[in-house]
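Trainee: First, the structure itself, so that you have it in front of you.
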Amino acid sequence: MANIIEVKHLTYRYQADDPRPALDDVSFDVHAGEWLAIVGHNGSGKSTLAKSLDGLLPFTTGEVTVGGIQLTPETVWQVREKIGMIFQNPDNQFVGATVADDVAFGLENRQIPREEMVPRVEAAMAQVGMADFAHREPSSLSGGQKQRVALAGIVAIAPDVLILDEATSMLDPQGRRDMLNLVRQLRAERHLTVISITHDIDEAAGADRVLVIDDGRLVDEADPATIFARGDQLIKLGLDLPFTAKLKTALRQRGIEPPATYQTASEMEEWLWQSLSNT
Amino acid sequence: MAITFEHVSYTYQAGTPMATPAVTDVSFQMPDHGYLAIIGHTGSGKSTLIQQLNALLKPTSGQITVGDFTITPKTTNAALKPLRQHVGMVFQFPESQLFEETVRQDIAFGPQNFGMGETDANKLADAMLQTVGLDSSYAERSPFELSGGQMRRVAIAGVLAMRPKVLVLDEPTAGLDPQGRQEMMALFDRLHREQGLSVVLVTHQMEDVAQYAEQVAVMRAGKLVKFGTPHDVFRDAAWLQANQLDMPRAAQFAQKLAARGVTWQQLPLTAEQLADQLAERWPREGDAHV
């Protein structure tokens, strides 16, 4: 699979004399069309990494290539054309007075002619289920609705890569599920590459691959099942334990030895049923 | 402090054409040293309800008692100052309310405002810092150079420094990472068990409700639609689904096994409860194979 993003030996310090860099010699590739989850506890450097990819933090050491373009101060705008980002707090990213204005902002910046812009904005709002809210003030929306508007803004500019920087962490469970379903749907329809920076175990479980960042370094890279089999270490990695891992720990404390590999809920249900029936 | 709501209603901008009822005819009782979780969708009236607890909002009709205090629509603000000292409110993202130059000054602000001398207030601040799990090296630092999770602890220490008897928490773990969330919930649990603090928790996290709450209030469209123990609330899967509320993971899991014929004495709500019941019926080596 072709790489849409290549990161080589990326190091970043917030201040030139920081003894401990926020990112320390990080290298990885992102395959076109994949869903990549980046996990790590608060302060591990994962948001710094996301911002570096978009040229929001000018790193001095290393190399980032997005869609074949090497990120430099000269190419930063070309690179940003290819990446859409949604941040944690929906209130911090609104610029428009109405939902429609806000969705149009990215297109206005790109000087898209009005006759092309209007239908694109409408289509984007419809896609995220916010067409009825076009003339509402963004501040009157719920958190989940705000994140959907942010997503519409990204749909409108049709980037190749979508970065979610803890974009669901402030939503209620229903809002979180709706948002992830929407992203999944967009990804399938538009062949988006998705990078999600998250603590949410369900969000990470849906990824093709998980990168683990700790203390500014890339410490692990595997598919979700392999990562989830790490058991109690997951807490240190900034993730919650999957329910099956919690249940296994509780069973072990009661003298019952479950299989060591990661089991999905239905696999574990099957195993428990088999064991209980085996009398 | 015991809390009683009797037919409490609250309408925003009451008596104007803009009047919006937010809470309608809510009645319940919570015993002294209780732990109540309030759940319900965004906009169901949870936040309006808890703002009545220290009379930030006074009921439009009905009556609230908190310990010896009674709040009615006519209660004057002057009569409420002592109540506010007893009811500590931790709002969403409390770290946004930090303002002092040092962590110690920020925590000591509340007690000083209620008449405590500076020396005593500073001593209290240092003790509270320890309670929330930060060592004394943080006392002289600016609250604004701390991490988000640390700032939230400082804000909570500031509330605890008022020595409240009731702690009201509005989604206190929103935005924290799983470890931070767990530590925060363990802290409230400890304050509840060791110091007898009454806790009122507004949350979307059903796992926390299952693990910590003694009573659960379910709000929908401003009305209290269910009130009882976590078991009372979570045992009715059809009702939960109709109200778009999640079941705790352990209960979901137990129900799947129930569908295959496993019977539970009581629906397990946490991994621990589920493991207990599984262990009881686990086939042991040496058991006769039929």
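Labeling convention for the structure tokens: chains A, B, ... as they appear, residues from 1 per chain, ligands from 1 in order of appearance.
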Give me, as a ChimeraX atom specification, the contact residues of chain A against chain B at a cut-off of 10 Å, counting only C-alpha atoms.

Mentor: /A:40-43,88-89,142-144,166,168-175,198-201,234-256,265-266,268-270,272-273,275-279

Trainee: According to DSSP computed on the backbone, where in region 96-257 of chain A is there strand (DSSP E or B)? Give the residues as a VMD selection string.

Mentor: chain A and resid 161 to 165 193 to 197 209 to 214 217 to 222

Trainee: Out of region 98-159 of chain B, which residues get helix (DSSP H, G or I) from DSSP, as an mmCIF file with N, CA and C atoms, in the first residue's frame?

Mentor:
```cif
data_model
loop_
_atom_site.group_PDB
_atom_site.id
_atom_site.type_symbol
_atom_site.label_atom_id
_atom_site.label_comp_id
_atom_site.auth_asym_id
_atom_site.auth_seq_id
_atom_site.Cartn_x
_atom_site.Cartn_y
_atom_site.Cartn_z
ATOM 1 N N VAL B 103 -0.616 28.211 43.429
ATOM 2 C CA VAL B 103 -1.566 27.147 43.753
ATOM 3 C C VAL B 103 -2.100 27.339 45.183
ATOM 4 N N ARG B 104 -1.184 27.653 46.126
ATOM 5 C CA ARG B 104 -1.586 27.806 47.523
ATOM 6 C C ARG B 104 -2.608 28.942 47.677
ATOM 7 N N GLN B 105 -2.312 30.097 47.037
ATOM 8 C CA GLN B 105 -3.230 31.235 47.138
ATOM 9 C C GLN B 105 -4.599 30.898 46.555
ATOM 10 N N ASP B 106 -4.572 30.134 45.469
ATOM 11 C CA ASP B 106 -5.839 29.800 44.825
ATOM 12 C C ASP B 106 -6.711 28.939 45.738
ATOM 13 N N ILE B 107 -6.085 27.955 46.380
ATOM 14 C CA ILE B 107 -6.855 27.059 47.249
ATOM 15 C C ILE B 107 -7.320 27.814 48.497
ATOM 16 N N ALA B 108 -6.470 28.739 48.984
ATOM 17 C CA ALA B 108 -6.779 29.455 50.227
ATOM 18 C C ALA B 108 -7.809 30.565 50.018
ATOM 19 N N PHE B 109 -8.103 30.889 48.777
ATOM 20 C CA PHE B 109 -8.990 32.025 48.489
ATOM 21 C C PHE B 109 -10.371 31.853 49.126
ATOM 22 N N GLY B 110 -10.975 30.676 48.948
ATOM 23 C CA GLY B 110 -12.334 30.450 49.445
ATOM 24 C C GLY B 110 -12.435 30.587 50.955
ATOM 25 N N PRO B 111 -11.601 29.834 51.709
ATOM 26 C CA PRO B 111 -11.662 29.950 53.172
ATOM 27 C C PRO B 111 -11.438 31.387 53.653
ATOM 28 N N GLN B 112 -10.519 32.117 53.028
ATOM 29 C CA GLN B 112 -10.275 33.504 53.441
ATOM 30 C C GLN B 112 -11.505 34.371 53.181
ATOM 31 N N ASN B 113 -12.164 34.080 52.076
ATOM 32 C CA ASN B 113 -13.366 34.809 51.715
ATOM 33 C C ASN B 113 -14.467 34.597 52.753
ATOM 34 N N GLU B 118 -5.074 34.383 57.092
ATOM 35 C CA GLU B 118 -4.209 33.942 56.006
ATOM 36 C C GLU B 118 -3.360 32.727 56.383
ATOM 37 N N THR B 119 -2.797 32.750 57.590
ATOM 38 C CA THR B 119 -1.915 31.652 57.999
ATOM 39 C C THR B 119 -2.662 30.327 58.038
ATOM 40 N N ASP B 120 -3.854 30.364 58.675
ATOM 41 C CA ASP B 120 -4.646 29.142 58.765
ATOM 42 C C ASP B 120 -5.079 28.675 57.385
ATOM 43 N N ALA B 121 -5.470 29.636 56.551
ATOM 44 C CA ALA B 121 -5.958 29.290 55.210
ATOM 45 C C ALA B 121 -4.833 28.653 54.387
ATOM 46 N N ASN B 122 -3.620 29.182 54.537
ATOM 47 C CA ASN B 122 -2.490 28.603 53.801
ATOM 48 C C ASN B 122 -2.162 27.193 54.285
ATOM 49 N N LYS B 123 -2.272 27.021 55.607
ATOM 50 C CA LYS B 123 -2.015 25.692 56.158
ATOM 51 C C LYS B 123 -3.038 24.687 55.620
ATOM 52 N N LEU B 124 -4.291 25.144 55.610
ATOM 53 C CA LEU B 124 -5.382 24.318 55.100
ATOM 54 C C LEU B 124 -5.141 24.001 53.618
ATOM 55 N N ALA B 125 -4.684 24.998 52.879
ATOM 56 C CA ALA B 125 -4.439 24.813 51.445
ATOM 57 C C ALA B 125 -3.419 23.699 51.219
ATOM 58 N N ASP B 126 -2.354 23.703 52.024
ATOM 59 C CA ASP B 126 -1.321 22.677 51.862
ATOM 60 C C ASP B 126 -1.865 21.284 52.167
ATOM 61 N N ALA B 127 -2.748 21.228 53.187
ATOM 62 C CA ALA B 127 -3.336 19.942 53.539
ATOM 63 C C ALA B 127 -4.241 19.434 52.411
ATOM 64 N N MET B 128 -5.010 20.355 51.815
ATOM 65 C CA MET B 128 -5.930 19.971 50.749
ATOM 66 C C MET B 128 -5.186 19.519 49.495
ATOM 67 N N LEU B 129 -4.045 20.166 49.268
ATOM 68 C CA LEU B 129 -3.214 19.804 48.125
ATOM 69 C C LEU B 129 -2.813 18.334 48.236
ATOM 70 N N GLN B 130 -2.474 17.952 49.469
ATOM 71 C CA GLN B 130 -2.099 16.571 49.713
ATOM 72 C C GLN B 130 -3.295 15.633 49.510
ATOM 73 N N THR B 131 -4.468 16.073 49.964
ATOM 74 C CA THR B 131 -5.683 15.262 49.821
ATOM 75 C C THR B 131 -5.947 14.913 48.360
ATOM 76 N N SER B 136 3.696 18.939 48.269
ATOM 77 C CA SER B 136 3.787 20.350 48.655
ATOM 78 C C SER B 136 4.631 21.178 47.682
ATOM 79 N N SER B 137 5.415 20.508 46.821
ATOM 80 C CA SER B 137 6.231 21.272 45.875
ATOM 81 C C SER B 137 5.354 22.058 44.889
ATOM 82 N N TYR B 138 4.079 21.704 44.802
ATOM 83 C CA TYR B 138 3.190 22.414 43.881
ATOM 84 C C TYR B 138 2.663 23.728 44.454
ATOM 85 N N PRO B 143 -0.682 28.093 39.022
ATOM 86 C CA PRO B 143 -1.603 27.042 38.570
ATOM 87 C C PRO B 143 -1.599 26.892 37.050
ATOM 88 N N PHE B 144 -1.157 27.938 36.361
ATOM 89 C CA PHE B 144 -1.266 27.925 34.893
ATOM 90 C C PHE B 144 -0.127 27.186 34.200
ATOM 91 N N GLU B 145 0.885 26.779 34.990
ATOM 92 C CA GLU B 145 1.936 25.987 34.342
ATOM 93 C C GLU B 145 1.760 24.498 34.629
ATOM 94 N N GLY B 148 -3.423 19.827 32.550
ATOM 95 C CA GLY B 148 -4.869 19.932 32.709
ATOM 96 C C GLY B 148 -5.385 19.149 33.904
ATOM 97 N N GLY B 149 -4.884 17.921 34.065
ATOM 98 C CA GLY B 149 -5.341 17.074 35.160
ATOM 99 C C GLY B 149 -4.916 17.643 36.509
ATOM 100 N N GLN B 150 -3.698 18.202 36.570
ATOM 101 C CA GLN B 150 -3.218 18.799 37.827
ATOM 102 C C GLN B 150 -4.013 20.059 38.168
ATOM 103 N N MET B 151 -4.300 20.873 37.130
ATOM 104 C CA MET B 151 -5.101 22.082 37.364
ATOM 105 C C MET B 151 -6.463 21.713 37.937
ATOM 106 N N ARG B 152 -7.036 20.615 37.417
ATOM 107 C CA ARG B 152 -8.350 20.229 37.911
ATOM 108 C C ARG B 152 -8.263 19.811 39.375
ATOM 109 N N ARG B 153 -7.172 19.119 39.743
ATOM 110 C CA ARG B 153 -7.002 18.732 41.146
ATOM 111 C C ARG B 153 -6.914 19.963 42.040
ATOM 112 N N VAL B 154 -6.188 20.989 41.568
ATOM 113 C CA VAL B 154 -6.059 22.213 42.361
ATOM 114 C C VAL B 154 -7.438 22.861 42.551
ATOM 115 N N ALA B 155 -8.222 22.894 41.468
ATOM 116 C CA ALA B 155 -9.554 23.493 41.563
ATOM 117 C C ALA B 155 -10.412 22.726 42.564
ATOM 118 N N ILE B 156 -10.286 21.404 42.561
ATOM 119 C CA ILE B 156 -11.068 20.589 43.488
ATOM 120 C C ILE B 156 -10.568 20.793 44.924
ATOM 121 N N ALA B 157 -9.247 20.940 45.085
ATOM 122 C CA ALA B 157 -8.694 21.229 46.414
ATOM 123 C C ALA B 157 -9.294 22.533 46.951
ATOM 124 N N GLY B 158 -9.480 23.507 46.070
ATOM 125 C CA GLY B 158 -10.080 24.784 46.463
ATOM 126 C C GLY B 158 -11.501 24.608 46.980
ATOM 127 N N VAL B 159 -12.232 23.704 46.375
ATOM 128 C CA VAL B 159 -13.600 23.427 46.836
ATOM 129 C C VAL B 159 -13.557 22.678 48.171
#
```

Trainee: Which residues come within 12 Å of Leu71 (chain A), counting only C-alpha atoms, excluding same-chain residues fewer than 2 positions away, as an MDAnalysis selection string?

Mentor: chainID A and resid 5:8 10 52:69 73:82

Trainee: Next, write the just-selected residues to a file, as a compact mmCIF listing (two decimals), in the first residue's frame, keeping C-alpha atoms as the atom set.

Mentor:
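Ended up saving to part_3.txt:
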```txt
# COMPACT_ATOMS: atom_id res chain seq x y z
CA ILE A 5 2.38 10.26 5.11
CA GLU A 6 6.01 9.47 5.92
CA VAL A 7 7.62 10.71 9.10
CA LYS A 8 11.37 10.32 9.50
CA LEU A 10 11.06 13.81 13.82
CA SER A 52 3.66 18.67 13.50
CA LEU A 53 2.09 16.74 10.63
CA ASP A 54 -0.02 19.76 9.72
CA GLY A 55 2.83 22.23 9.99
CA LEU A 56 1.28 23.88 13.05
CA LEU A 57 4.49 23.35 15.00
CA PRO A 58 7.64 24.06 13.02
CA PHE A 59 10.00 21.20 13.86
CA THR A 60 13.70 21.61 13.20
CA THR A 61 14.91 18.02 13.03
CA GLY A 62 13.45 15.33 10.83
CA GLU A 63 11.30 15.06 7.77
CA VAL A 64 7.55 14.88 7.14
CA THR A 65 6.17 14.04 3.69
CA VAL A 66 2.45 14.28 3.00
CA GLY A 67 1.11 13.01 -0.32
CA GLY A 68 4.58 13.18 -1.82
CA ILE A 69 5.21 16.77 -0.72
CA PRO A 73 7.78 26.55 5.37
CA GLU A 74 7.31 26.97 1.60
CA THR A 75 5.03 23.95 1.13
CA VAL A 76 3.05 24.21 4.36
CA TRP A 77 -0.07 25.51 2.62
CA GLN A 78 0.04 22.75 0.01
CA VAL A 79 0.33 20.21 2.82
CA ARG A 80 -2.58 21.73 4.76
CA GLU A 81 -4.74 21.35 1.63
CA LYS A 82 -4.39 17.63 2.15
```

Trainee: What gap, in Å, lies between CA of Arg148 (chain A) and CA of Leu240 (chain B)?

Mentor: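 Computing it gives 25.7 Å between the two atoms.
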